[in-house]
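run_19.cif, holding mmCIF, C-alpha atoms and all ligand atoms:
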data_input
#
loop_
_atom_site.label_atom_id
_atom_site.label_comp_id
_atom_site.auth_asym_id
_atom_site.auth_seq_id
_atom_site.Cartn_x
_atom_site.Cartn_y
_atom_site.Cartn_z
CA MET O 116 -57.17 -94.52 30.20
CA ARG O 117 -57.91 -98.18 30.92
CA VAL O 118 -61.46 -98.76 32.06
CA LEU O 119 -62.11 -102.34 33.06
CA VAL O 120 -65.52 -103.57 34.18
CA MET O 121 -65.77 -106.54 36.54
CA LEU O 122 -68.85 -108.70 36.15
CA GLY O 123 -69.93 -111.64 38.23
CA ALA O 124 -72.82 -112.93 40.26
CA PRO O 125 -72.82 -112.61 44.04
CA GLY O 126 -70.62 -115.40 45.37
CA ALA O 127 -68.58 -115.66 42.16
CA GLY O 128 -65.56 -113.96 43.72
CA LYS O 129 -65.76 -110.84 41.56
CA GLY O 130 -64.90 -108.47 44.42
CA THR O 131 -61.86 -110.51 45.44
CA GLN O 132 -60.62 -110.55 41.85
CA ALA O 133 -61.23 -106.81 41.46
CA HIS O 134 -58.96 -106.19 44.47
CA ILE O 135 -56.23 -108.47 43.09
CA LEU O 136 -56.33 -106.92 39.61
CA ALA O 137 -56.33 -103.42 41.05
CA ARG O 138 -53.17 -104.17 42.99
CA HIS O 139 -51.52 -105.94 40.10
CA LEU O 140 -52.32 -103.29 37.50
CA GLY O 141 -51.81 -100.32 39.79
CA LEU O 142 -55.31 -99.04 39.11
CA PRO O 143 -57.88 -98.04 41.72
CA ARG O 144 -60.84 -100.32 42.26
CA VAL O 145 -63.95 -98.20 42.08
CA ALA O 146 -67.06 -99.64 43.71
CA THR O 147 -70.24 -97.62 43.52
CA GLY O 148 -71.11 -98.45 47.12
CA ASP O 149 -67.87 -96.78 48.23
CA LEU O 150 -68.61 -93.79 45.98
CA PHE O 151 -71.98 -93.28 47.63
CA ARG O 152 -70.52 -93.54 51.10
CA ALA O 153 -67.71 -91.08 50.28
CA ALA O 154 -70.07 -88.60 48.61
CA LEU O 155 -72.45 -88.74 51.57
CA ARG O 156 -69.63 -88.34 54.07
CA ASP O 157 -68.14 -85.38 52.19
CA GLY O 158 -71.56 -83.86 51.52
CA THR O 159 -70.81 -83.24 47.84
CA PRO O 160 -73.72 -81.90 45.72
CA LEU O 161 -74.08 -85.34 44.11
CA GLY O 162 -73.97 -86.98 47.51
CA VAL O 163 -76.71 -84.70 48.81
CA ALA O 164 -78.82 -85.42 45.73
CA ALA O 165 -78.30 -89.17 46.09
CA LYS O 166 -79.21 -89.04 49.79
CA GLY O 167 -82.50 -87.36 48.91
CA TYR O 168 -83.50 -90.33 46.77
CA MET O 169 -82.30 -92.87 49.29
CA ASP O 170 -84.13 -91.15 52.15
CA ARG O 171 -87.32 -91.38 50.12
CA GLY O 172 -86.63 -95.06 49.51
CA GLU O 173 -86.17 -94.46 45.77
CA LEU O 174 -83.47 -95.72 43.46
CA VAL O 175 -80.70 -93.24 42.80
CA PRO O 176 -81.00 -92.23 39.10
CA ASP O 177 -78.27 -93.57 36.83
CA GLU O 178 -77.29 -90.02 35.91
CA ILE O 179 -76.24 -89.26 39.48
CA THR O 180 -74.32 -92.50 39.83
CA ILE O 181 -72.58 -91.93 36.49
CA ASN O 182 -71.61 -88.41 37.48
CA MET O 183 -70.19 -89.66 40.76
CA LEU O 184 -68.25 -92.24 38.83
CA LEU O 185 -66.92 -89.62 36.39
CA GLU O 186 -65.92 -87.40 39.30
CA ARG O 187 -64.05 -90.36 40.77
CA LEU O 188 -62.37 -91.14 37.43
CA GLY O 189 -61.17 -87.53 37.37
CA ALA O 190 -59.12 -88.06 40.55
CA ALA O 191 -55.34 -88.17 40.28
CA ASP O 192 -55.03 -91.87 41.16
CA ALA O 193 -57.38 -92.79 38.29
CA ALA O 194 -55.43 -90.92 35.61
CA ARG O 195 -54.36 -94.26 34.05
CA GLY O 196 -57.76 -95.85 34.49
CA ALA O 197 -59.82 -97.81 36.96
CA ILE O 198 -61.47 -101.13 37.65
CA LEU O 199 -65.21 -100.77 38.06
CA ASP O 200 -66.72 -103.18 40.57
CA GLY O 201 -70.49 -103.28 40.88
CA PHE O 202 -71.31 -100.97 38.00
CA PRO O 203 -72.95 -101.13 35.51
CA ARG O 204 -75.73 -103.35 36.82
CA THR O 205 -78.19 -102.79 33.97
CA ARG O 206 -78.03 -102.33 30.21
CA ALA O 207 -79.18 -98.71 30.60
CA GLN O 208 -76.27 -98.06 32.97
CA ALA O 209 -73.84 -99.71 30.56
CA GLU O 210 -75.09 -97.48 27.75
CA ALA O 211 -74.88 -94.39 29.92
CA LEU O 212 -71.34 -95.30 30.93
CA ASP O 213 -70.32 -95.69 27.27
CA ARG O 214 -71.78 -92.29 26.39
CA ALA O 215 -70.04 -90.62 29.31
CA LEU O 216 -66.68 -92.23 28.52
CA ASP O 217 -67.08 -91.42 24.85
CA GLU O 218 -67.28 -87.72 25.70
CA ARG O 219 -63.87 -88.12 27.30
CA THR O 220 -62.56 -90.10 24.32
CA ALA O 221 -62.32 -93.14 26.54
CA ALA O 222 -64.05 -96.51 26.35
CA VAL O 223 -64.49 -99.72 28.29
CA GLU O 224 -61.40 -101.73 27.37
CA ALA O 225 -62.73 -105.02 28.67
CA ALA O 226 -65.66 -106.39 30.60
CA LEU O 227 -64.40 -109.32 32.65
CA LEU O 228 -66.93 -111.93 33.66
CA VAL O 229 -66.00 -114.21 36.54
CA ASP O 230 -68.30 -117.01 35.48
CA VAL O 231 -69.71 -119.52 37.95
CA PRO O 232 -72.73 -121.70 37.10
CA ALA O 233 -75.91 -120.90 39.02
CA GLU O 234 -75.94 -124.27 40.79
CA ASP O 235 -72.42 -123.71 42.15
CA LEU O 236 -73.36 -120.19 43.27
CA LEU O 237 -76.35 -121.60 45.06
CA ALA O 238 -74.15 -124.08 46.91
CA ARG O 239 -71.66 -121.34 47.85
CA LEU O 240 -74.32 -118.87 48.95
CA SER O 241 -76.82 -121.07 50.71
CA GLY O 242 -74.70 -123.40 52.80
CA ARG O 243 -73.98 -120.96 55.61
CA TRP O 244 -74.79 -121.84 59.23
CA LEU O 245 -74.30 -119.70 62.31
CA CYS O 246 -74.03 -120.77 65.91
CA GLU O 247 -76.81 -119.53 68.13
CA ALA O 248 -74.62 -118.37 70.97
CA ALA O 249 -71.84 -116.39 69.28
CA GLY O 250 -72.48 -116.29 65.52
CA HIS O 251 -69.49 -118.50 64.66
CA THR O 252 -69.95 -119.32 60.98
CA PHE O 253 -69.67 -122.61 59.12
CA HIS O 254 -70.37 -123.72 55.60
CA GLU O 255 -71.84 -127.06 54.55
CA THR O 256 -69.14 -127.73 51.97
CA ALA O 257 -66.40 -125.10 52.39
CA TYR O 258 -65.83 -125.44 56.15
CA PRO O 259 -68.30 -127.84 57.72
CA PRO O 260 -68.51 -128.28 61.50
CA ARG O 261 -67.02 -131.50 62.87
CA VAL O 262 -70.46 -132.56 64.12
CA ALA O 263 -73.42 -131.52 61.97
CA GLY O 264 -75.55 -128.88 63.66
CA ILE O 265 -73.09 -128.18 66.51
CA CYS O 266 -70.58 -125.32 66.78
CA ASP O 267 -66.97 -126.58 66.93
CA ILE O 268 -65.92 -123.59 68.97
CA CYS O 269 -68.57 -123.19 71.64
CA GLY O 270 -70.79 -126.25 71.26
CA SER O 271 -74.00 -124.29 70.74
CA ARG O 272 -76.64 -125.18 68.14
CA LEU O 273 -76.14 -124.12 64.51
CA ILE O 274 -78.99 -122.29 62.83
CA GLN O 275 -79.56 -120.98 59.33
CA ARG O 276 -80.71 -117.39 58.74
CA ASP O 277 -83.72 -116.95 56.42
CA ASP O 278 -81.44 -115.09 54.00
CA ASP O 279 -79.19 -118.15 53.74
CA ARG O 280 -81.93 -120.68 53.06
CA PRO O 281 -81.68 -122.29 49.60
CA ALA O 282 -85.15 -121.21 48.39
CA VAL O 283 -84.55 -117.58 49.39
CA VAL O 284 -81.05 -117.55 47.94
CA ARG O 285 -82.30 -119.08 44.70
CA ALA O 286 -85.04 -116.48 44.23
CA ARG O 287 -82.65 -113.60 44.91
CA LEU O 288 -79.97 -115.08 42.67
CA GLU O 289 -82.31 -115.58 39.72
CA LYS O 290 -83.30 -111.93 39.84
CA GLN O 291 -79.67 -110.78 40.02
CA LEU O 292 -78.51 -113.14 37.28
CA GLY O 293 -81.25 -111.88 34.97
CA ALA O 294 -80.07 -108.28 35.26
CA MET O 295 -76.42 -109.30 34.92
CA GLU O 296 -77.13 -111.33 31.79
CA ASP O 297 -78.37 -108.16 30.05
CA VAL O 298 -75.10 -106.42 30.85
CA VAL O 299 -73.09 -109.45 29.74
CA ASP O 300 -74.99 -109.52 26.43
CA TYR O 301 -74.38 -105.82 25.97
CA TYR O 302 -70.61 -106.16 26.33
CA ARG O 303 -70.56 -109.34 24.25
CA ALA O 304 -72.23 -107.44 21.41
CA ALA O 305 -69.69 -104.64 21.85
CA GLY O 306 -66.90 -107.19 21.44
CA VAL O 307 -65.19 -106.46 24.76
CA LEU O 308 -66.49 -109.34 26.89
CA GLN O 309 -63.95 -111.77 28.35
CA VAL O 310 -65.13 -114.79 30.30
CA VAL O 311 -63.05 -116.74 32.79
CA ASP O 312 -64.01 -119.85 34.74
CA GLY O 313 -64.65 -118.67 38.30
CA ARG O 314 -64.74 -122.21 39.71
CA ARG O 315 -60.95 -122.46 39.70
CA PRO O 316 -58.74 -121.43 42.66
CA ILE O 317 -58.45 -117.69 43.27
CA ALA O 318 -54.89 -117.35 41.92
CA ALA O 319 -55.73 -119.30 38.76
CA VAL O 320 -58.73 -117.06 38.10
CA SER O 321 -56.54 -113.97 38.59
CA ASN O 322 -54.00 -115.28 36.08
CA ASP O 323 -56.73 -116.02 33.55
CA LEU O 324 -58.07 -112.48 33.97
CA LEU O 325 -54.63 -110.96 33.52
CA ASP O 326 -54.11 -113.06 30.39
CA CYS O 327 -57.30 -111.54 28.98
CA ILE O 328 -56.34 -107.94 29.49
CA GLU O 329 -52.61 -107.77 29.43
CA PRO O 330 -51.34 -109.34 26.23
CA VAL O 331 -48.33 -107.04 26.29
CA PRO O 332 -46.18 -107.21 29.45
CA TYR O 333 -46.90 -104.23 31.63
CA TRP O 334 -43.28 -103.05 31.74
CA ARG O 335 -43.02 -102.94 27.95
CA THR O 336 -45.82 -100.42 27.63
CA HIS O 337 -44.59 -98.28 30.49
CA LEU O 338 -40.91 -97.78 29.74
ZN ZN M 1 -70.14 -120.98 68.50
#
Spell out the structure here as structure tokens.
Ligand SMILES: [Zn+2]
Amino acid sequence: MRVLVMLGAPGAGKGTQAHILARHLGLPRVATGDLFRAALRDGTPLGVAAKGYMDRGELVPDEITINMLLERLGAADAARGAILDGFPRTRAQAEALDRALDERTAAVEAALLVDVPAEDLLARLSGRWLCEAAGHTFHETAYPPRVAGICDICGSRLIQRDDDRPAVVRARLEKQLGAMEDVVDYYRAAGVLQVVDGRRPIAAVSNDLLDCIEPVPYWRTHL
């Protein structure tokens, strides 16, 4: 069973790459957010337990999340493995995942970090502007409006949401990067960390990731 962990800060393109790798490797992409939604929708015992915590505004304990994940890894489409997107988020979760996989004589094959420097992330995440009238979105560097502050489409004024302001984005990012760094260190110490430069075009990043994890051509191992 191939268990691959995707790591990357918000805005690094981790989710996009997880989708591409999943398609390329024929493995399901497993995101914990989707697991929660599915468990709640289906009313599974774990889903009910998780809902209890969420309703009380508490964090769902790692044990419940791990068990949901294991349940998901037991599904037919994950028989050959899965790409984990959004988990683990902390060192404790990474340790719990290792213990759980170990019981199934499996292990994390690789932790793939889509690496983008904090300053670039800040530029990507904080340059968003919305038009007042219809919410048309622009980005200072990625797709700027023709006239600064004016919507190309409807001509209304462009505004920035509090969440998109640089100071707010920076504070949030620093917190998230701190937690991620612990997980990165954990996998580095375990010898399974692979780092690719996330500033390159999407297809180049995908190729770099595939180079990390697929030294033997896929067809040769699956004859
Ligand atoms: Zn507009």
query: What is the CA of Leu288 in chain O to CA of Leu155 in chain O distance in Å?
result: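 Spanning CA of Leu288 in chain O to CA of Leu155 in chain O is a straight-line distance of 28.8 Å.
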List all protein, DNA and RNA residues that have any atom at most 8 Å from ligand ZN 1 (chain M), counting all atoms listed in the file, and write the list as a PyMOL selection string.
chain O and resi 245-252+266-273
Contacts of range 190-203 of chain O at 7 Å or less, counting only C-alpha atoms, minus same-chain residues fewer than 3 places along, as an mmCIF file with C-alpha atoms, in the coordinates of the input?
data_model
loop_
_atom_site.group_PDB
_atom_site.id
_atom_site.type_symbol
_atom_site.label_atom_id
_atom_site.label_comp_id
_atom_site.auth_asym_id
_atom_site.auth_seq_id
_atom_site.Cartn_x
_atom_site.Cartn_y
_atom_site.Cartn_z
ATOM 1 C CA MET O 116 -57.170 -94.520 30.200
ATOM 2 C CA ARG O 117 -57.910 -98.180 30.920
ATOM 3 C CA VAL O 118 -61.460 -98.760 32.060
ATOM 4 C CA LEU O 119 -62.110 -102.340 33.060
ATOM 5 C CA VAL O 120 -65.520 -103.570 34.180
ATOM 6 C CA MET O 121 -65.770 -106.540 36.540
ATOM 7 C CA GLY O 130 -64.900 -108.470 44.420
ATOM 8 C CA ALA O 133 -61.230 -106.810 41.460
ATOM 9 C CA ALA O 137 -56.330 -103.420 41.050
ATOM 10 C CA LEU O 142 -55.310 -99.040 39.110
ATOM 11 C CA PRO O 143 -57.880 -98.040 41.720
ATOM 12 C CA ARG O 144 -60.840 -100.320 42.260
ATOM 13 C CA VAL O 145 -63.950 -98.200 42.080
ATOM 14 C CA ALA O 146 -67.060 -99.640 43.710
ATOM 15 C CA THR O 147 -70.240 -97.620 43.520
ATOM 16 C CA GLU O 186 -65.920 -87.400 39.300
ATOM 17 C CA ARG O 187 -64.050 -90.360 40.770
ATOM 18 C CA GLN O 208 -76.270 -98.060 32.970
ATOM 19 C CA ALA O 209 -73.840 -99.710 30.560
#
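CA of Arg314 in chain O to CA of Asp277 in chain O spans 25.8 Å [interatomic distance, one decimal].
When CA of Leu240 in chain O is paired with CA of Gly126 in chain O, their separation reads 6.2 Å.
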Checklist entry - Which one of O:Val307, O:Ala165, O:Leu150, O:Leu292 sits closest to Val231 in chain O if you count all atoms listed in the file? => result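 Ranking O:Val307, O:Ala165, O:Leu150, O:Leu292 by distance to Val231 in chain O, first place goes to O:Leu292.
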Q: Would you mind listing what lies within 9 Å of Ser241 in chain O as a PyMOL selection string, with only C-alpha atoms counted and same-chain residues fewer than 5 positions away left out?
A: chain O and resi 236+254-255+278-285
Within 7 Å of (-58.7, -114.1, 43.3), only C-alpha atoms: residues as number ranges by chain?
-> O: 128, 131-132, 135, 317-318, 320-321
Considering all atoms listed in the file, return as an mmCIF file with C-alpha atoms, in the frame of the given file whatever protein or nucleic-acid residues lie within 12 Å of range 168-172 of chain O, sequence-local ones (same chain, fewer than 6 positions apart) excluded.
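Just written: selection35.cif:
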data_model
loop_
_atom_site.group_PDB
_atom_site.id
_atom_site.type_symbol
_atom_site.label_atom_id
_atom_site.label_comp_id
_atom_site.auth_asym_id
_atom_site.auth_seq_id
_atom_site.Cartn_x
_atom_site.Cartn_y
_atom_site.Cartn_z
ATOM 1 C CA PHE O 151 -71.980 -93.280 47.630
ATOM 2 C CA ARG O 152 -70.520 -93.540 51.100
ATOM 3 C CA LEU O 155 -72.450 -88.740 51.570
ATOM 4 C CA LEU O 161 -74.080 -85.340 44.110
ATOM 5 C CA GLY O 162 -73.970 -86.980 47.510
ATOM 6 C CA ILE O 179 -76.240 -89.260 39.480
ATOM 7 C CA THR O 180 -74.320 -92.500 39.830
#
Between O:Glu289, O:Glu218, O:Gly242, O:Leu228, smallest distance to Pro259 in chain O by only C-alpha atoms belongs to O:Gly242
